[in-house]
Each structure stands twice: as structure tokens, then as C-alpha cells.
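Visitor: Starting off with a structure, shown below.
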Amino acid sequence: MSDTAGRRCEKYVLATRAPHADRDFESHWTSVRGVRVHSRQSRAPVSPGALPVVLVHGLAVSHRYLMPLAARLSSSYPVSAVDLPGFGLSGEPGHVLDVAELADWLADWLVTTGRASAALIGNSFGCQVAVDLAVRHPELVRCLVLVGPTMDPWARGAARQALRWLRNLRHEDPVQLPIILRDLRDAGIDRALGTLRIALRDPIERKLPAVSAPTLVTRGAVEPVVPQRWAAQAADLLPRGELAVVPGSPHNANYSATHELAVLVLPFLRRVSAVDSE
């Protein structure tokens, strides 16, 4: 087996391990508003008072594709990758939740599990949830990392988004496909399409100026989903925003360019932690 094939196999095993525990992670379920919310949590001992890191998945997916990044960060921070209600291994909330509802559910999870004030790392639609939470529950968020934040206001239409996603697929790690199909099966087509409609209507660009937490915005160097113009605008709209480009990365940098993304995220988290300790 080649080194590339070996790394892809390791990522796939890591992504699909839940609910079984392994050396580094284990599954937990927490009752939030009567729904069992699943999270994959790191097991490595960390220093007291370490910044909790919470990963938030994108549209119609789950914690699974976030696990390669979670593993990279878990040696330095207590890391959790959460399945939002209705996705992955979490329970059914009863209807398709909008951005504010998902953010409130996540806020309740942070409080219930004692993970406030946390570093929230969102990918794609997960950025929209994280931003909404940071605006309305600022006391729960120490900092944000927005990996490929959607939706680009210059392409707020299903057809244009679909075209960008199709162009992005050729750059992604192909081993992601069975993982994403499994996630789609868990969520169901109705929830996936309903959440897409909600995501397209969510004006993230109007919320960014109200985010008080330090925020790192990233985009993949080869991704078409989040163009440089939109990523730069998003960072400029944030009062404490900064922008970084992930070398050679497509949209899902957390899976397809894990090392390159971690190289950018870890120094940012260390700076935030250093300020906290002063």
C-alpha cells in the first residue's frame, strides 16, 4: 500500500469509528431539549483550564468528516465534534431546524457539557451556525475558526451553489464520498434539502460585524465554493477577523487538507489561549 493510500485508509477508519471508542476518542450522548445529541470527544489528558475546542459540521453531513482535524488538535486541546440534532448519530428534533434553532441547540449543549467558553471551528454551513451562536450567545464563545464560510452573497442561489460544489468535488479526497453518502442517509433527503433552503436564506454577512470574538477565516486555495473575494470580505466585516488561505486545499480542508489547515489553526488557538492566561 502506498503512503497516500495508507493515509486515506487511516482517515476513513478515524471518520467512521463511532460509536466505538478507540485510543483517542469516544462517543458521548447528552440530552438537550429532550433529544440525544451525539459528540465524539477526545480522551487525551490536557492541562487544567485548556481551551475547549468544538467542531461544527456542514450541510447534510456529521462529525465524521471532521475527525481528521479533531485528531490533529486533540494533543493540545480537549476536542469535541458534535452531531447537530437530526444529523449523524444524534436524535430527531421533530422538524428541520433553522440556523437560529441549531445555534440555540448547540448553545444548550455547550452549557450542559461545561464547554463554554469554547473555540468553535465550523466548516461550510457549520460556520453559519457558529456565527449565529457567537452573535446571540457571545458569553459561550471564546473564538471562532470559519473554514470555508457559506453562503457567498454573490452566489445565493441553489443552481450556482450546486455548480460550485460540482467543480469542488474533483479536488476533494475521493474517500470522503462514502462518508458523505452515509451522512446523507442519516440526515435524509428532506432534511438535507430543507437545510439547504435555510442556509441560502441566512444573511451571514449581516451578522459578522456583530461577532465580538477573535475569528480566523480560512478558504482552500483551489476551492470554488468560497472565492477569495467573499473570504476577504467576511474577514473584513469581522471586528477582530483575520484571513488565511489553506495551500492546495478544496472546500473541506478539515478532511482533505488536514495538516495544512491545522498549521494555521493551532497558532491562532495558542494566541487566544495566551491572551486568556494573561
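Labels used: A, B, ... for chains in the order of the C-alpha cells, numbers from 1 for residues in each chain, and numbers from 1 for ligands as shown.
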Among the residues of range 22-212 of chain A, find those DSSP assigns to alpha helix (DSSP H) from the backbone and print them as a ChimeraX atom specification.
Guide: /A:67-73,99-112,125-136,158-169,176-187,189-201,204-207
Visitor: From the DSSP assignment of the backbone, select every residue of range 118-217 of chain A that is strand (DSSP E or B), and format the answer as a PyMOL selection string.
Guide: chain A and resi 118-123+141-147+215-217
Visitor: Could you write those residues out with N, CA, C and O atoms, as a CSV table (one decimal), in the first residue's frame?
Guide:
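To be explicit, this is the file written out as result_3.csv:
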chain,number,residue,atom,x,y,z
A,118,ALA,N,-16.0,28.3,24.6
A,118,ALA,CA,-15.2,27.4,23.7
A,118,ALA,C,-14.7,28.1,22.4
A,118,ALA,O,-15.2,29.2,22.1
A,119,ALA,N,-13.7,27.4,21.8
A,119,ALA,CA,-13.3,27.8,20.5
A,119,ALA,C,-14.2,27.0,19.5
A,119,ALA,O,-14.2,25.7,19.6
A,120,LEU,N,-15.0,27.6,18.7
A,120,LEU,CA,-15.9,26.9,17.8
A,120,LEU,C,-15.2,26.9,16.4
A,120,LEU,O,-14.8,28.0,15.9
A,121,ILE,N,-15.1,25.7,15.8
A,121,ILE,CA,-14.5,25.6,14.5
A,121,ILE,C,-15.6,25.0,13.6
A,121,ILE,O,-16.0,23.9,13.7
A,122,GLY,N,-16.1,25.8,12.7
A,122,GLY,CA,-17.1,25.4,11.8
A,122,GLY,C,-16.6,25.3,10.3
A,122,GLY,O,-15.7,25.9,9.9
A,123,ASN,N,-17.2,24.3,9.6
A,123,ASN,CA,-16.9,24.2,8.2
A,123,ASN,C,-18.2,24.4,7.4
A,123,ASN,O,-19.3,23.9,7.8
A,141,VAL,N,-18.7,31.8,23.6
A,141,VAL,CA,-17.7,31.6,22.6
A,141,VAL,C,-16.4,32.4,22.9
A,141,VAL,O,-16.5,33.7,23.0
A,142,ARG,N,-15.3,31.7,22.9
A,142,ARG,CA,-14.0,32.4,23.1
A,142,ARG,C,-13.4,32.9,21.8
A,142,ARG,O,-12.8,34.0,21.7
A,143,CYS,N,-13.5,32.1,20.8
A,143,CYS,CA,-13.0,32.5,19.5
A,143,CYS,C,-13.7,31.6,18.4
A,143,CYS,O,-14.3,30.6,18.8
A,144,LEU,N,-13.6,32.0,17.2
A,144,LEU,CA,-14.1,31.2,16.1
A,144,LEU,C,-13.1,31.0,15.0
A,144,LEU,O,-12.2,31.8,14.8
A,145,VAL,N,-13.2,29.8,14.4
A,145,VAL,CA,-12.5,29.5,13.1
A,145,VAL,C,-13.5,29.1,12.1
A,145,VAL,O,-14.3,28.2,12.3
A,146,LEU,N,-13.6,29.9,11.0
A,146,LEU,CA,-14.6,29.7,10.0
A,146,LEU,C,-13.9,29.1,8.8
A,146,LEU,O,-13.2,29.8,8.0
A,147,VAL,N,-14.0,27.8,8.6
A,147,VAL,CA,-13.4,27.1,7.5
A,147,VAL,C,-14.3,27.1,6.3
A,147,VAL,O,-15.2,26.3,6.2
A,215,THR,N,-11.6,36.0,15.4
A,215,THR,CA,-12.1,35.0,14.4
A,215,THR,C,-11.1,34.8,13.3
A,215,THR,O,-10.6,35.8,12.7
A,216,LEU,N,-10.8,33.6,13.0
A,216,LEU,CA,-9.9,33.2,11.8
A,216,LEU,C,-10.8,32.7,10.7
A,216,LEU,O,-11.5,31.7,10.9
A,217,VAL,N,-10.7,33.3,9.5
A,217,VAL,CA,-11.5,32.9,8.4
A,217,VAL,C,-10.5,32.2,7.4
A,217,VAL,O,-9.4,32.7,7.2
Visitor: Counting only C-alpha atoms, which residues in range 194-241 of chain A sit no more than 12 Å from range 172-179 of chain A? For each one, give the nearest pair of atoms and the distance in Å, sorted by chain then residue number, as JSON lines.
Guide:
{"residue": "A:Gly220", "atom": "CA", "partner": "A:Glu172", "partner_atom": "CA", "distance": 10.7}
{"residue": "A:Val222", "atom": "CA", "partner": "A:Glu172", "partner_atom": "CA", "distance": 10.0}
{"residue": "A:Glu223", "atom": "CA", "partner": "A:Glu172", "partner_atom": "CA", "distance": 9.2}
{"residue": "A:Pro224", "atom": "CA", "partner": "A:Glu172", "partner_atom": "CA", "distance": 11.7}
Visitor: Filtering to N, CA and C atoms, could you give me those residues as an mmCIF file, in the first residue's frame?
Guide:
data_model
loop_
_atom_site.group_PDB
_atom_site.id
_atom_site.type_symbol
_atom_site.label_atom_id
_atom_site.label_comp_id
_atom_site.auth_asym_id
_atom_site.auth_seq_id
_atom_site.Cartn_x
_atom_site.Cartn_y
_atom_site.Cartn_z
ATOM 1 N N GLY A 220 -9.938 27.329 1.093
ATOM 2 C CA GLY A 220 -8.993 26.496 0.381
ATOM 3 C C GLY A 220 -8.485 27.193 -0.867
ATOM 4 N N VAL A 222 -7.745 26.111 -3.733
ATOM 5 C CA VAL A 222 -8.289 25.659 -5.013
ATOM 6 C C VAL A 222 -9.799 25.476 -4.965
ATOM 7 N N GLU A 223 -10.440 25.951 -3.918
ATOM 8 C CA GLU A 223 -11.891 25.716 -3.827
ATOM 9 C C GLU A 223 -12.695 26.791 -4.552
ATOM 10 N N PRO A 224 -13.780 26.394 -5.236
ATOM 11 C CA PRO A 224 -14.658 27.364 -5.876
ATOM 12 C C PRO A 224 -15.853 27.761 -5.004
#
Visitor: With distances taken over only C-alpha atoms, which of A:Ser256, A:Ala60, A:Gly241, A:Glu205 is nearest to Arg185 in chain A?
Guide: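 Going through A:Ser256, A:Ala60, A:Gly241, A:Glu205 one by one, the smallest distance to Arg185 in chain A is for A:Ala60.
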Visitor: With only C-alpha atoms as the counted atoms, please give the residues lying no more than 10 Å from Val79 in chain A, apart from itself and same-chain residues fewer than 4 positions off, as a PyMOL selection string.
Guide: chain A and resi 25+39-44+51-55+67+69-75+115+118-119
Visitor: Which residues, written as a tab-separated table (two decimals) with N, CA, C and O atoms, in the first residue's frame, have at least one atom at most 10 Å from Trp109 in chain A, with only C-alpha atoms counted and residues fewer than 4 positions away on the same chain left out?
Guide:
chain	number	residue	atom	x	y	z
A	30	THR	N	-25.67	13.39	25.01
A	30	THR	CA	-26.15	14.34	26.00
A	30	THR	C	-27.58	14.72	25.67
A	30	THR	O	-27.88	15.07	24.52
A	31	SER	N	-28.46	14.67	26.65
A	31	SER	CA	-29.85	15.05	26.42
A	31	SER	C	-29.96	16.57	26.40
A	31	SER	O	-29.64	17.25	27.38
A	32	VAL	N	-30.39	17.11	25.26
A	32	VAL	CA	-30.58	18.55	25.10
A	32	VAL	C	-31.99	18.78	24.56
A	32	VAL	O	-32.31	18.33	23.45
A	33	ARG	N	-32.83	19.41	25.35
A	33	ARG	CA	-34.21	19.66	24.95
A	33	ARG	C	-34.93	18.38	24.56
A	33	ARG	O	-35.71	18.35	23.60
A	37	VAL	N	-28.08	14.16	21.86
A	37	VAL	CA	-27.09	14.78	20.96
A	37	VAL	C	-25.77	14.03	21.10
A	37	VAL	O	-25.22	13.92	22.19
A	39	SER	N	-21.76	13.35	20.42
A	39	SER	CA	-20.49	14.03	20.16
A	39	SER	C	-19.36	13.03	20.27
A	39	SER	O	-19.45	12.05	21.02
A	82	VAL	N	-19.39	17.56	17.22
A	82	VAL	CA	-20.79	17.38	17.58
A	82	VAL	C	-21.63	17.07	16.35
A	82	VAL	O	-21.43	17.65	15.28
A	84	LEU	N	-25.13	17.80	15.08
A	84	LEU	CA	-26.29	18.63	15.35
A	84	LEU	C	-27.56	17.79	15.31
A	84	LEU	O	-27.59	16.74	14.64
A	103	ALA	N	-28.27	26.87	16.36
A	103	ALA	CA	-27.34	27.59	17.22
A	103	ALA	C	-27.78	27.52	18.68
A	103	ALA	O	-26.95	27.34	19.58
A	104	ASP	N	-29.07	27.66	18.93
A	104	ASP	CA	-29.56	27.59	20.31
A	104	ASP	C	-29.38	26.18	20.88
A	104	ASP	O	-29.06	26.01	22.07
A	105	TRP	N	-29.59	25.17	20.05
A	105	TRP	CA	-29.38	23.79	20.49
A	105	TRP	C	-27.90	23.57	20.86
A	105	TRP	O	-27.59	22.98	21.88
A	113	THR	N	-22.71	20.52	28.85
A	113	THR	CA	-21.48	19.73	28.92
A	113	THR	C	-20.32	20.48	29.56
A	113	THR	O	-19.21	19.95	29.66
A	114	GLY	N	-20.54	21.73	29.97
A	114	GLY	CA	-19.49	22.51	30.60
A	114	GLY	C	-18.39	22.95	29.66
A	114	GLY	O	-17.24	23.12	30.09
A	115	ARG	N	-18.71	23.15	28.38
A	115	ARG	CA	-17.67	23.51	27.39
A	115	ARG	C	-17.68	24.98	27.00
A	115	ARG	O	-17.02	25.37	26.04
A	116	ALA	N	-18.40	25.79	27.73
A	116	ALA	CA	-18.32	27.24	27.50
A	116	ALA	C	-17.21	27.79	28.42
A	116	ALA	O	-17.01	27.27	29.52
Visitor: Please list as a PDB file with all heavy atoms, in the first residue's frame every residue within 8 Å of Gln128 in chain A, counting only C-alpha atoms and excluding residues in the same chain fewer than 5 positions away.
Guide:
ATOM      1  N   VAL A  99     -31.233  28.071  11.215  1.00  0.00           N
ATOM      2  CA  VAL A  99     -29.905  28.408  11.738  1.00  0.00           C
ATOM      3  C   VAL A  99     -29.971  28.797  13.207  1.00  0.00           C
ATOM      4  O   VAL A  99     -29.168  28.336  14.031  1.00  0.00           O
ATOM      5  CB  VAL A  99     -29.267  29.540  10.899  1.00  0.00           C
ATOM      6  CG1 VAL A  99     -27.967  30.020  11.543  1.00  0.00           C
ATOM      7  CG2 VAL A  99     -28.999  29.059   9.473  1.00  0.00           C
ATOM      8  N   GLY A 122     -16.094  25.845  12.660  1.00  0.00           N
ATOM      9  CA  GLY A 122     -17.144  25.412  11.750  1.00  0.00           C
ATOM     10  C   GLY A 122     -16.616  25.259  10.346  1.00  0.00           C
ATOM     11  O   GLY A 122     -15.674  25.944   9.943  1.00  0.00           O
ATOM     12  N   PRO A 149     -16.513  29.614   4.985  1.00  0.00           N
ATOM     13  CA  PRO A 149     -17.851  30.028   5.399  1.00  0.00           C
ATOM     14  C   PRO A 149     -18.801  30.252   4.223  1.00  0.00           C
ATOM     15  O   PRO A 149     -18.473  30.948   3.274  1.00  0.00           O
ATOM     16  CB  PRO A 149     -17.594  31.330   6.156  1.00  0.00           C
ATOM     17  CG  PRO A 149     -16.316  31.862   5.578  1.00  0.00           C
ATOM     18  CD  PRO A 149     -15.499  30.649   5.260  1.00  0.00           C
ATOM     19  N   THR A 150     -19.955  29.658   4.294  1.00  0.00           N
ATOM     20  CA  THR A 150     -21.034  29.912   3.347  1.00  0.00           C
ATOM     21  C   THR A 150     -22.042  30.846   4.023  1.00  0.00           C
ATOM     22  O   THR A 150     -22.014  31.015   5.236  1.00  0.00           O
ATOM     23  CB  THR A 150     -21.730  28.593   2.979  1.00  0.00           C
ATOM     24  OG1 THR A 150     -22.160  27.943   4.186  1.00  0.00           O
ATOM     25  CG2 THR A 150     -20.810  27.669   2.217  1.00  0.00           C
ATOM     26  N   ALA A 199     -30.085  27.564   4.626  1.00  0.00           N
ATOM     27  CA  ALA A 199     -28.733  28.114   4.513  1.00  0.00           C
ATOM     28  C   ALA A 199     -28.661  29.222   3.465  1.00  0.00           C
ATOM     29  O   ALA A 199     -27.982  30.239   3.667  1.00  0.00           O
ATOM     30  CB  ALA A 199     -27.749  26.999   4.163  1.00  0.00           C
ATOM     31  N   ASP A 202     -29.942  32.552   4.820  1.00  0.00           N
ATOM     32  CA  ASP A 202     -29.311  33.088   6.024  1.00  0.00           C
ATOM     33  C   ASP A 202     -28.284  34.164   5.662  1.00  0.00           C
ATOM     34  O   ASP A 202     -27.268  33.863   5.020  1.00  0.00           O
ATOM     35  CB  ASP A 202     -28.623  31.955   6.794  1.00  0.00           C
ATOM     36  CG  ASP A 202     -27.894  32.454   8.028  1.00  0.00           C
ATOM     37  OD1 ASP A 202     -28.543  33.116   8.856  1.00  0.00           O
ATOM     38  OD2 ASP A 202     -26.684  32.181   8.155  1.00  0.00           O
ATOM     39  N   ILE A 204     -25.450  35.711   6.511  1.00  0.00           N
ATOM     40  CA  ILE A 204     -24.298  35.712   7.416  1.00  0.00           C
ATOM     41  C   ILE A 204     -23.525  37.020   7.345  1.00  0.00           C
ATOM     42  O   ILE A 204     -22.977  37.487   8.355  1.00  0.00           O
ATOM     43  CB  ILE A 204     -23.376  34.502   7.107  1.00  0.00           C
ATOM     44  CG1 ILE A 204     -22.259  34.391   8.158  1.00  0.00           C
ATOM     45  CG2 ILE A 204     -22.816  34.584   5.700  1.00  0.00           C
ATOM     46  CD1 ILE A 204     -21.386  33.158   7.996  1.00  0.00           C
TER      47      ILE A 204
END
Visitor: With 12 Å as the cut-off and only C-alpha atoms counted, what is the closest atom pair between each nearby residue of range 179-273 of chain A and range 7-14 of chain A? Distances in Å to one decimal, ordered by chain and number, as JSON lines.
Guide:
{"residue": "A:Ile179", "atom": "CA", "partner": "A:Tyr12", "partner_atom": "CA", "distance": 7.8}
{"residue": "A:Ile180", "atom": "CA", "partner": "A:Tyr12", "partner_atom": "CA", "distance": 11.2}
{"residue": "A:Asn254", "atom": "CA", "partner": "A:Lys11", "partner_atom": "CA", "distance": 10.9}
{"residue": "A:Tyr255", "atom": "CA", "partner": "A:Lys11", "partner_atom": "CA", "distance": 7.9}
{"residue": "A:Ser256", "atom": "CA", "partner": "A:Arg8", "partner_atom": "CA", "distance": 9.3}
{"residue": "A:Ala257", "atom": "CA", "partner": "A:Lys11", "partner_atom": "CA", "distance": 11.3}
{"residue": "A:Thr258", "atom": "CA", "partner": "A:Lys11", "partner_atom": "CA", "distance": 9.8}
{"residue": "A:His259", "atom": "CA", "partner": "A:Arg7", "partner_atom": "CA", "distance": 11.6}
Visitor: If we count only C-alpha atoms, what is near Arg201 in chain A at a cut-off of 12 Å, once residues fewer than 6 positions away on the same chain are taken out, given as a ChimeraX atom specification?
Guide: /A:98-99,125,128,150-153,155-158,194-195
Visitor: Could you write out the selected residues, including C-alpha atoms, as a PDB file, in the first residue's frame?
Guide:
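result03.pdb was written with the following content:
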ATOM      1  CA  ASP A  98     -33.242  26.718  11.016  1.00  0.00           C
ATOM      2  CA  VAL A  99     -29.905  28.408  11.738  1.00  0.00           C
ATOM      3  CA  PHE A 125     -22.812  25.693   6.825  1.00  0.00           C
ATOM      4  CA  GLN A 128     -23.328  29.943   9.739  1.00  0.00           C
ATOM      5  CA  THR A 150     -21.034  29.912   3.347  1.00  0.00           C
ATOM      6  CA  MET A 151     -23.075  31.476   1.824  1.00  0.00           C
ATOM      7  CA  ASP A 152     -21.273  33.769  -0.584  1.00  0.00           C
ATOM      8  CA  PRO A 153     -23.772  36.659  -1.004  1.00  0.00           C
ATOM      9  CA  ALA A 155     -23.971  33.346  -5.290  1.00  0.00           C
ATOM     10  CA  ARG A 156     -27.031  32.963  -3.102  1.00  0.00           C
ATOM     11  CA  GLY A 157     -28.904  30.547  -5.334  1.00  0.00           C
ATOM     12  CA  ALA A 158     -29.256  26.764  -5.381  1.00  0.00           C
ATOM     13  CA  GLY A 194     -34.700  21.814   3.808  1.00  0.00           C
ATOM     14  CA  THR A 195     -31.435  22.816   5.471  1.00  0.00           C
TER      15      THR A 195
END
Visitor: Closest to Gly34 in chain A among A:Gln233, A:Ser90, A:Asn252, A:Ser212, using only C-alpha atoms?
Guide: A:Ser90
Visitor: From the list A:Ala262, A:Leu106, A:Leu166, A:Leu59, which residue is nearest Val225 in chain A when using only C-alpha atoms?
Guide: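 Going through A:Ala262, A:Leu106, A:Leu166, A:Leu59 one by one, the smallest distance to Val225 in chain A is for A:Leu166.
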Visitor: Under the rule that only C-alpha atoms are counted, which of A:Arg160, A:Arg271, A:His38, A:His28 is the nearest residue to Leu89 in chain A?
Guide: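 For Leu89 in chain A, the nearest of the candidates is A:His38.
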